[in-house]
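Student: Pasting upload.cif here (mmCIF, C-alpha atoms (C1' of nucleotides)):
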data_target
loop_
_atom_site.label_atom_id
_atom_site.label_comp_id
_atom_site.auth_asym_id
_atom_site.auth_seq_id
_atom_site.Cartn_x
_atom_site.Cartn_y
_atom_site.Cartn_z
CA MET A 1 88.98 144.29 102.37
CA ASN A 2 87.42 140.90 103.05
CA ILE A 3 88.50 137.73 101.36
CA GLY A 4 85.77 137.96 98.72
CA ASP A 5 87.07 141.34 97.63
CA VAL A 6 90.68 140.24 97.20
CA ALA A 7 89.46 137.07 95.52
CA ARG A 8 87.64 139.14 92.91
CA LEU A 9 90.50 141.60 92.52
CA SER A 10 93.32 139.04 92.39
CA GLY A 11 91.44 136.44 90.39
CA LEU A 12 92.34 133.76 92.95
CA PRO A 13 89.65 131.60 94.60
CA ALA A 14 89.04 132.39 98.26
CA LYS A 15 89.99 128.80 99.09
CA THR A 16 93.38 129.33 97.53
CA ILE A 17 93.91 132.55 99.43
CA ARG A 18 93.17 130.81 102.72
CA TYR A 19 95.58 128.09 101.70
CA TYR A 20 98.28 130.65 100.97
CA GLU A 21 97.81 132.07 104.43
CA ASP A 22 98.01 128.56 105.84
CA ILE A 23 101.41 127.96 104.30
CA GLY A 24 102.65 131.38 105.28
CA LEU A 25 102.78 133.17 101.94
CA ILE A 26 100.60 135.98 103.23
CA THR A 27 99.67 137.07 106.75
CA PRO A 28 96.52 139.16 106.70
CA LYS A 29 95.31 140.79 109.92
CA ARG A 30 92.06 139.79 111.55
CA ALA A 31 89.04 141.94 112.25
CA GLU A 32 87.23 141.71 115.60
CA ASN A 33 84.70 139.28 114.17
CA GLY A 34 87.44 136.90 113.06
CA TYR A 35 87.25 137.83 109.39
CA ARG A 36 90.53 138.23 107.54
CA ARG A 37 91.29 141.87 106.79
CA PHE A 38 93.44 142.36 103.71
CA ARG A 39 95.50 145.42 102.91
CA GLU A 40 96.63 146.71 99.54
CA SER A 41 99.98 145.07 100.11
CA ASP A 42 98.29 141.69 100.62
CA LEU A 43 96.35 142.12 97.41
CA HIS A 44 99.56 143.03 95.63
CA LYS A 45 101.27 139.91 96.93
CA LEU A 46 98.36 137.75 95.85
CA SER A 47 98.45 139.16 92.34
CA PHE A 48 102.19 138.56 92.26
CA LEU A 49 101.62 134.96 93.36
CA GLY A 50 98.89 134.42 90.80
CA ARG A 51 101.11 135.66 88.02
CA ALA A 52 104.08 133.58 89.18
CA ARG A 53 101.92 130.46 89.47
CA SER A 54 100.53 131.06 85.99
CA LEU A 55 104.10 130.97 84.73
CA GLY A 56 104.42 127.56 86.33
CA PHE A 57 106.65 128.43 89.28
CA SER A 58 106.23 126.05 92.21
CA ILE A 59 104.92 127.36 95.51
CA GLU A 60 108.42 127.17 96.97
CA ASP A 61 109.78 129.13 94.03
CA CYS A 62 107.03 131.66 94.61
CA ARG A 63 108.06 131.97 98.23
CA THR A 64 111.62 132.70 97.14
CA LEU A 65 110.52 135.10 94.43
CA LEU A 66 108.37 136.99 96.91
CA ALA A 67 111.31 137.24 99.30
CA LEU A 68 113.56 138.50 96.51
CA TYR A 69 110.89 140.95 95.43
CA GLU A 70 110.74 142.41 98.90
CA ASP A 71 114.49 142.46 99.38
CA GLN A 72 115.58 145.85 98.10
CA SER A 73 119.21 144.72 98.07
CA ARG A 74 118.61 141.57 95.99
CA ALA A 75 120.87 140.70 93.07
CA SER A 76 119.00 140.28 89.81
CA ALA A 77 121.36 137.35 89.16
CA ASP A 78 119.52 135.39 91.86
CA VAL A 79 116.16 136.01 90.25
CA LYS A 80 117.53 135.13 86.85
CA ALA A 81 119.07 131.89 88.12
CA LEU A 82 115.76 130.81 89.62
CA ALA A 83 113.88 131.64 86.44
CA ARG A 84 116.49 129.94 84.29
CA GLY A 85 116.20 126.80 86.41
CA HIS A 86 112.44 126.81 86.00
CA LEU A 87 112.82 127.38 82.29
CA ASN A 88 115.02 124.31 82.07
CA LYS A 89 112.34 122.24 83.75
CA ILE A 90 109.74 123.55 81.34
CA GLU A 91 111.96 122.69 78.41
CA ALA A 92 112.50 119.17 79.72
CA LYS A 93 108.77 118.72 80.21
CA ILE A 94 108.00 119.96 76.72
CA ALA A 95 110.57 117.57 75.24
CA GLU A 96 109.05 114.68 77.17
CA LEU A 97 105.53 115.55 76.04
CA GLN A 98 106.70 116.08 72.49
CA GLN A 99 108.19 112.60 72.51
CA MET A 100 104.90 111.14 73.75
CA HIS A 101 103.06 113.16 71.17
CA ASP A 102 105.20 111.94 68.29
CA THR A 103 104.88 108.29 69.26
CA LEU A 104 101.18 108.51 69.94
CA SER A 105 100.23 110.50 66.88
CA HIS A 106 102.11 107.99 64.75
CA LEU A 107 100.13 105.17 66.34
CA VAL A 108 96.83 106.99 66.04
CA LYS A 109 97.44 107.58 62.35
CA ALA A 110 98.24 103.91 61.85
CA CYS A 111 95.00 102.75 63.47
CA HIS A 112 92.15 102.46 61.00
CA GLY A 113 89.60 103.02 63.76
CA ASP A 114 86.72 100.88 62.56
CA ASP A 115 84.74 98.09 64.18
CA ARG A 116 87.42 95.46 63.73
CA PRO A 117 89.62 94.49 66.70
CA ASP A 118 92.94 94.78 64.87
CA CYS A 119 94.80 97.76 66.40
CA PRO A 120 98.40 98.98 66.11
CA ILE A 121 98.03 101.07 69.27
CA LEU A 122 97.31 98.03 71.44
CA ALA A 123 99.95 96.09 69.52
CA ASP A 124 102.54 98.70 70.48
CA LEU A 125 101.50 98.73 74.12
CA ALA A 126 101.79 94.96 74.25
CA THR A 127 105.32 95.13 72.85
CA PRO A 128 108.35 95.28 75.16
CA ALA A 129 109.96 98.74 75.20
CA GLU A 130 112.73 99.24 72.65
CA THR A 131 114.16 102.40 74.22
CA MET B 1 107.60 84.49 90.15
CA ASN B 2 107.87 86.74 93.20
CA ILE B 3 107.40 90.49 93.12
CA GLY B 4 111.14 91.14 92.82
CA ASP B 5 111.30 89.09 89.64
CA VAL B 6 108.44 90.86 87.89
CA ALA B 7 109.82 94.17 89.10
CA ARG B 8 113.12 93.44 87.37
CA LEU B 9 111.45 92.07 84.25
CA SER B 10 108.81 94.78 83.88
CA GLY B 11 111.02 97.65 84.98
CA LEU B 12 108.39 98.78 87.50
CA PRO B 13 109.25 99.28 91.19
CA ALA B 14 107.81 96.63 93.52
CA LYS B 15 105.97 99.42 95.35
CA THR B 16 104.19 100.37 92.15
CA ILE B 17 103.24 96.77 91.44
CA ARG B 18 101.68 96.42 94.89
CA TYR B 19 99.85 99.67 94.27
CA TYR B 20 98.53 98.34 90.95
CA GLU B 21 97.20 95.32 92.75
CA ASP B 22 95.62 97.60 95.35
CA ILE B 23 93.64 99.48 92.73
CA GLY B 24 92.70 96.29 90.93
CA LEU B 25 94.77 96.52 87.76
CA ILE B 26 96.30 93.12 88.40
CA THR B 27 95.24 90.25 90.65
CA PRO B 28 98.18 87.96 91.32
CA LYS B 29 97.60 84.73 93.25
CA ARG B 30 99.14 84.16 96.65
CA ALA B 31 101.55 81.45 97.72
CA GLU B 32 101.09 79.60 101.02
CA ASN B 33 103.50 81.92 102.78
CA GLY B 34 101.50 84.97 101.72
CA TYR B 35 103.88 86.06 98.96
CA ARG B 36 102.35 87.26 95.71
CA ARG B 37 102.79 84.70 92.94
CA PHE B 38 102.90 86.25 89.48
CA ARG B 39 102.22 84.43 86.24
CA GLU B 40 103.45 85.26 82.76
CA SER B 41 100.12 86.94 82.06
CA ASP B 42 100.62 89.24 85.07
CA LEU B 43 104.07 90.17 83.86
CA HIS B 44 102.65 90.86 80.43
CA LYS B 45 99.99 93.14 81.90
CA LEU B 46 102.58 95.00 83.94
CA SER B 47 104.73 95.63 80.89
CA PHE B 48 101.64 96.83 79.04
CA LEU B 49 100.85 99.18 81.91
CA GLY B 50 104.40 100.47 82.06
CA ARG B 51 104.39 101.25 78.38
CA ALA B 52 100.97 102.92 78.51
CA ARG B 53 101.99 105.01 81.53
CA SER B 54 105.18 106.05 79.75
CA LEU B 55 102.99 107.40 76.96
CA GLY B 56 101.23 109.48 79.59
CA PHE B 57 97.92 107.62 79.78
CA SER B 58 96.20 108.05 83.13
CA ILE B 59 95.65 105.05 85.34
CA GLU B 60 91.96 105.08 84.43
CA ASP B 61 92.85 105.17 80.74
CA CYS B 62 95.20 102.26 81.37
CA ARG B 63 92.38 100.34 82.98
CA THR B 64 90.24 100.89 79.90
CA LEU B 65 93.08 100.06 77.52
CA LEU B 66 93.75 96.84 79.37
CA ALA B 67 90.07 95.90 79.13
CA LEU B 68 90.05 96.66 75.42
CA TYR B 69 93.25 94.70 74.96
CA GLU B 70 91.67 91.67 76.55
CA ASP B 71 88.38 92.02 74.73
CA GLN B 72 88.80 90.02 71.55
CA SER B 73 85.71 91.62 70.06
CA ARG B 74 86.79 95.22 70.66
CA ALA B 75 86.45 97.84 67.95
CA SER B 76 89.73 99.55 67.10
CA ALA B 77 87.68 102.75 66.85
CA ASP B 78 87.29 102.70 70.65
CA VAL B 79 91.02 102.42 71.17
CA LYS B 80 91.67 105.15 68.64
CA ALA B 81 89.14 107.49 70.27
CA LEU B 82 90.78 107.04 73.65
CA ALA B 83 94.24 107.64 72.23
CA ARG B 84 93.05 110.63 70.23
CA GLY B 85 91.53 112.13 73.37
CA HIS B 86 94.79 111.68 75.22
CA LEU B 87 96.68 113.17 72.32
CA ASN B 88 94.48 116.26 72.53
CA LYS B 89 95.33 116.65 76.19
CA ILE B 90 99.02 116.33 75.40
CA GLU B 91 98.73 118.97 72.71
CA ALA B 92 96.93 121.33 75.08
CA LYS B 93 99.58 120.79 77.73
CA ILE B 94 102.39 121.42 75.26
CA ALA B 95 100.73 124.64 74.10
CA GLU B 96 100.37 125.80 77.70
CA LEU B 97 104.00 125.04 78.51
CA GLN B 98 105.14 126.64 75.29
CA GLN B 99 103.31 129.81 76.25
CA MET B 100 105.02 129.81 79.65
CA HIS B 101 108.31 129.12 77.97
CA ASP B 102 108.00 132.00 75.53
CA THR B 103 107.07 134.51 78.21
CA LEU B 104 109.71 133.32 80.62
CA SER B 105 112.56 133.06 78.14
CA HIS B 106 111.79 136.58 77.00
CA LEU B 107 112.01 137.80 80.58
CA VAL B 108 115.16 135.83 81.31
CA LYS B 109 116.84 137.34 78.27
CA ALA B 110 115.84 140.82 79.38
CA CYS B 111 117.34 140.37 82.86
CA HIS B 112 120.98 141.41 83.02
CA GLY B 113 121.59 139.05 85.94
CA ASP B 114 124.20 140.96 87.86
CA ASP B 115 124.40 142.13 91.46
CA ARG B 116 122.03 145.06 91.01
CA PRO B 117 118.42 144.72 92.22
CA ASP B 118 116.82 145.99 89.02
CA CYS B 119 114.99 143.04 87.44
CA PRO B 120 112.45 142.80 84.60
CA ILE B 121 111.33 139.36 85.79
CA LEU B 122 110.17 140.68 89.15
CA ALA B 123 108.77 143.75 87.42
CA ASP B 124 106.62 141.52 85.25
CA LEU B 125 105.39 139.45 88.17
CA ALA B 126 104.44 142.60 90.04
CA THR B 127 102.40 143.80 87.07
CA PRO B 128 98.68 143.06 86.84
CA ALA B 129 97.88 140.42 84.19
CA GLU B 130 97.13 141.81 80.74
CA THR B 131 95.42 138.72 79.35
"C1'" DC C 1 122.02 74.79 114.48
"C1'" DA C 2 122.39 79.78 114.72
"C1'" DT C 3 122.57 83.86 112.52
"C1'" DA C 4 122.76 87.38 109.11
"C1'" DA C 5 121.35 89.25 104.77
"C1'" DG C 6 118.01 90.07 101.77
"C1'" DG C 7 113.21 89.54 100.23
"C1'" DC C 8 108.58 89.66 101.35
"C1'" DT C 9 104.30 91.36 104.02
"C1'" DT C 10 101.08 95.18 105.78
"C1'" DC C 11 100.04 99.72 107.23
"C1'" DC C 12 100.58 104.60 107.69
"C1'" DA C 13 102.28 109.05 106.16
"C1'" DT C 14 103.81 112.18 102.62
"C1'" DT C 15 104.11 114.43 98.19
"C1'" DC C 16 101.83 119.01 95.30
"C1'" DA C 17 98.59 122.59 95.13
"C1'" DC C 18 94.72 122.91 95.81
"C1'" DT C 19 89.38 121.76 95.99
"C1'" DG C 20 84.90 120.16 98.02
"C1'" DG C 21 81.89 119.96 101.58
"C1'" DA C 22 79.95 120.14 106.29
"C1'" DA C 23 78.75 122.76 110.30
"C1'" DG C 24 78.25 126.95 112.07
"C1'" DG C 25 79.09 132.27 113.08
"C1'" DT C 26 78.18 137.28 111.04
"C1'" DC C 27 76.09 140.93 108.61
"C1'" DA C 28 72.97 143.87 105.72
"C1'" DA C 29 68.44 144.20 103.56
"C1'" DG C 30 63.57 143.88 103.60
"C1'" DC D 1 62.75 138.34 112.27
"C1'" DT D 2 64.20 136.01 108.65
"C1'" DT D 3 66.60 135.33 104.46
"C1'" DG D 4 70.65 135.02 101.93
"C1'" DA D 5 75.23 136.20 101.16
"C1'" DC D 6 79.35 136.22 103.41
"C1'" DC D 7 82.73 134.47 106.49
"C1'" DT D 8 85.00 130.88 109.74
"C1'" DT D 9 87.32 126.19 110.78
"C1'" DC D 10 88.13 121.46 110.04
"C1'" DC D 11 88.34 117.14 107.54
"C1'" DA D 12 88.78 114.50 103.38
"C1'" DG D 13 90.03 113.70 98.68
"C1'" DT D 14 92.58 114.34 94.20
"C1'" DG D 15 96.81 111.25 91.06
"C1'" DA D 16 100.09 108.18 91.15
"C1'" DA D 17 102.93 106.77 93.47
"C1'" DT D 18 106.89 106.81 97.18
"C1'" DG D 19 109.19 106.39 101.90
"C1'" DG D 20 109.58 104.16 106.00
"C1'" DA D 21 108.57 101.21 110.06
"C1'" DA D 22 107.71 96.79 112.05
"C1'" DG D 23 107.78 92.29 111.44
"C1'" DC D 24 107.64 87.47 108.81
"C1'" DC D 25 110.16 84.19 105.39
"C1'" DT D 26 114.04 82.19 102.93
"C1'" DT D 27 118.61 81.15 101.76
"C1'" DA D 28 123.56 81.04 102.46
"C1'" DT D 29 127.24 80.64 105.45
"C1'" DG D 30 129.95 79.61 109.77
#
Since I need it in another form, could you write the structure as structure tokens?

Tutor:
Amino acid sequence: MNIGDVARLSGLPAKTIRYYEDIGLITPKRAENGYRRFRESDLHKLSFLGRARSLGFSIEDCRTLLALYEDQSRASADVKALARGHLNKIEAKIAELQQMHDTLSHLVKACHGDDRPDCPILADLATPAET
Amino acid sequence: MNIGDVARLSGLPAKTIRYYEDIGLITPKRAENGYRRFRESDLHKLSFLGRARSLGFSIEDCRTLLALYEDQSRASADVKALARGHLNKIEAKIAELQQMHDTLSHLVKACHGDDRPDCPILADLATPAET
DNA sequence: CATAAGGCTTCCATTCACTGGAAGGTCAAG
DNA sequence: CTTGACCTTCCAGTGAATGGAAGCCTTATG
């Protein structure tokens, strides 16, 4: 398979696939003409990576997950710990965004939004933080 | 005031303040020795920027907000539209993270997390997307 | 007066995970 | 033979800083 084929099948852009080779996540063979030649196992890895990335795992996490996946003697505890750690980060990020959201939606509601300059949003921004 | 003073007072790192000058958000004067000389108005702008950034506004949004803030004849509708747009992005991001969170926490719960290799998290990642 | 500590300057590189684009080689169809 | 779709590499840019090196400037102390 050429890169266009695995791109279609994995749903990843060809650029991204080349990048993944660059950073050593996959190591496709080369044909005589220099084209990358992908095997089923490469495609499988790429799909795995795409799914892991869509769950928000970092590239380094993906590297670890791939290694665990291929290690037949892995402990599921290791996978779970990694996922749990990522989940914690997601939760922290959601909490942070929720905080922004609450503050901002309050301000947006308070702003009458007409052609007058008076604006509670700008007033808040101009006010020293009250943490 | 030197950069260290405004850094302390605004809560922003000196590096960040220099960067803000670089991209034209502030334009402090210079003393004879080459040091940046900040005025009260610069400090005020920096605090404004810090607060806006903490609400997640992009640098370009901050630039616009600052311009609106300084435009005495602004329409509050313009500020509100910008904030509303940002709020939409926050909501989209929260929804995306919440989706990741739901999927991942389900998987984490399903993983027994012991020393056996069997793992529903890896099984999910190895499964083609079902979108 | 010398020196040491701390503050200031600029400039360059790095982060993360791609993405865009240029310049050029390869291949199959008409 | 040419067109167009692929493929290749390499370089640069994204956002928003952050880290570090090399080298002035200032202030306090011995």

Student: Residues of chain A no more than 7 Å from chain B, counting all atoms listed in the file: send them over as a PyMOL selection string.

Tutor: chain A and resi 47-48+51-52+55+69+72-77+80+83-84+87+90+94+97+100-101+104+108+111+113-119+122+125-126+128-129

Student: Write a file of the selected residues as a PDB file, in the frame of the given file, keeping C-alpha atoms.

Tutor:
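Final output, saved to part_31.pdb:
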ATOM      1  CA  SER A  47      98.450 139.160  92.340  1.00  0.00           C
ATOM      2  CA  PHE A  48     102.190 138.560  92.260  1.00  0.00           C
ATOM      3  CA  ARG A  51     101.110 135.660  88.020  1.00  0.00           C
ATOM      4  CA  ALA A  52     104.080 133.580  89.180  1.00  0.00           C
ATOM      5  CA  LEU A  55     104.100 130.970  84.730  1.00  0.00           C
ATOM      6  CA  TYR A  69     110.890 140.950  95.430  1.00  0.00           C
ATOM      7  CA  GLN A  72     115.580 145.850  98.100  1.00  0.00           C
ATOM      8  CA  SER A  73     119.210 144.720  98.070  1.00  0.00           C
ATOM      9  CA  ARG A  74     118.610 141.570  95.990  1.00  0.00           C
ATOM     10  CA  ALA A  75     120.870 140.700  93.070  1.00  0.00           C
ATOM     11  CA  SER A  76     119.000 140.280  89.810  1.00  0.00           C
ATOM     12  CA  ALA A  77     121.360 137.350  89.160  1.00  0.00           C
ATOM     13  CA  LYS A  80     117.530 135.130  86.850  1.00  0.00           C
ATOM     14  CA  ALA A  83     113.880 131.640  86.440  1.00  0.00           C
ATOM     15  CA  ARG A  84     116.490 129.940  84.290  1.00  0.00           C
ATOM     16  CA  LEU A  87     112.820 127.380  82.290  1.00  0.00           C
ATOM     17  CA  ILE A  90     109.740 123.550  81.340  1.00  0.00           C
ATOM     18  CA  ILE A  94     108.000 119.960  76.720  1.00  0.00           C
ATOM     19  CA  LEU A  97     105.530 115.550  76.040  1.00  0.00           C
ATOM     20  CA  MET A 100     104.900 111.140  73.750  1.00  0.00           C
ATOM     21  CA  HIS A 101     103.060 113.160  71.170  1.00  0.00           C
ATOM     22  CA  LEU A 104     101.180 108.510  69.940  1.00  0.00           C
ATOM     23  CA  VAL A 108      96.830 106.990  66.040  1.00  0.00           C
ATOM     24  CA  CYS A 111      95.000 102.750  63.470  1.00  0.00           C
ATOM     25  CA  GLY A 113      89.600 103.020  63.760  1.00  0.00           C
ATOM     26  CA  ASP A 114      86.720 100.880  62.560  1.00  0.00           C
ATOM     27  CA  ASP A 115      84.740  98.090  64.180  1.00  0.00           C
ATOM     28  CA  ARG A 116      87.420  95.460  63.730  1.00  0.00           C
ATOM     29  CA  PRO A 117      89.620  94.490  66.700  1.00  0.00           C
ATOM     30  CA  ASP A 118      92.940  94.780  64.870  1.00  0.00           C
ATOM     31  CA  CYS A 119      94.800  97.760  66.400  1.00  0.00           C
ATOM     32  CA  LEU A 122      97.310  98.030  71.440  1.00  0.00           C
ATOM     33  CA  LEU A 125     101.500  98.730  74.120  1.00  0.00           C
ATOM     34  CA  ALA A 126     101.790  94.960  74.250  1.00  0.00           C
ATOM     35  CA  PRO A 128     108.350  95.280  75.160  1.00  0.00           C
ATOM     36  CA  ALA A 129     109.960  98.740  75.200  1.00  0.00           C
TER      37      ALA A 129
END

Student: Nearest residue to chain C out of A:His106, A:Arg8, A:Arg36, A:Lys15, using all atoms listed in the file?

Tutor: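 Closest to chain C, using all atoms listed in the file: A:Lys15.
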
Student: Please provide the set of residues having any atom within 10 Å of segment 14-16 of chain C, restricted to only C-alpha atoms (C1' of nucleotides), with same-chain residues fewer than 2 positions apart removed, written as a compact mmCIF listing (two decimals) with C-alpha atoms (C1' of nucleotides), in the frame of the given file.

Tutor:
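Result written to out09.txt:
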# COMPACT_ATOMS: atom_id res chain seq x y z
CA SER A 58 106.23 126.05 92.21
CA ILE A 59 104.92 127.36 95.51
C1' DC C 12 100.58 104.60 107.69
C1' DC C 18 94.72 122.91 95.81
C1' DA D 17 102.93 106.77 93.47
C1' DT D 18 106.89 106.81 97.18
C1' DG D 19 109.19 106.39 101.90

Student: Once the PyMOL selection byres ((chain A) within 10 of (chain C)) has been evaluated on this model, what residues remain selected, and can you format them as a VMD selection string?

Tutor: chain A and resid 13 15 to 16 19 to 20 33 to 35 58 to 59

Student: If you take all atoms listed in the file and a cut-off of 9 Å, which residues of chain D touch chain A, and what are their nearest atom pairs and distances in Å to one decimal, in chain and number order, as a tab-separated table?

Tutor:
residue	atom	partner	partner_atom	distance
D:DC6	C1'	A:Gly4	CA	8.1
D:DC7	C1'	A:Tyr35	CA	6.3
D:DT8	C1'	A:Gly34	CA	7.3

Student: In Å to one decimal, how far is atom CA of Thr64 of chain B from atom CA of Ile17 of chain B?

Tutor: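 Pair atom CA of Ile17 of chain B / atom CA of Thr64 of chain B returns 17.9 Å.
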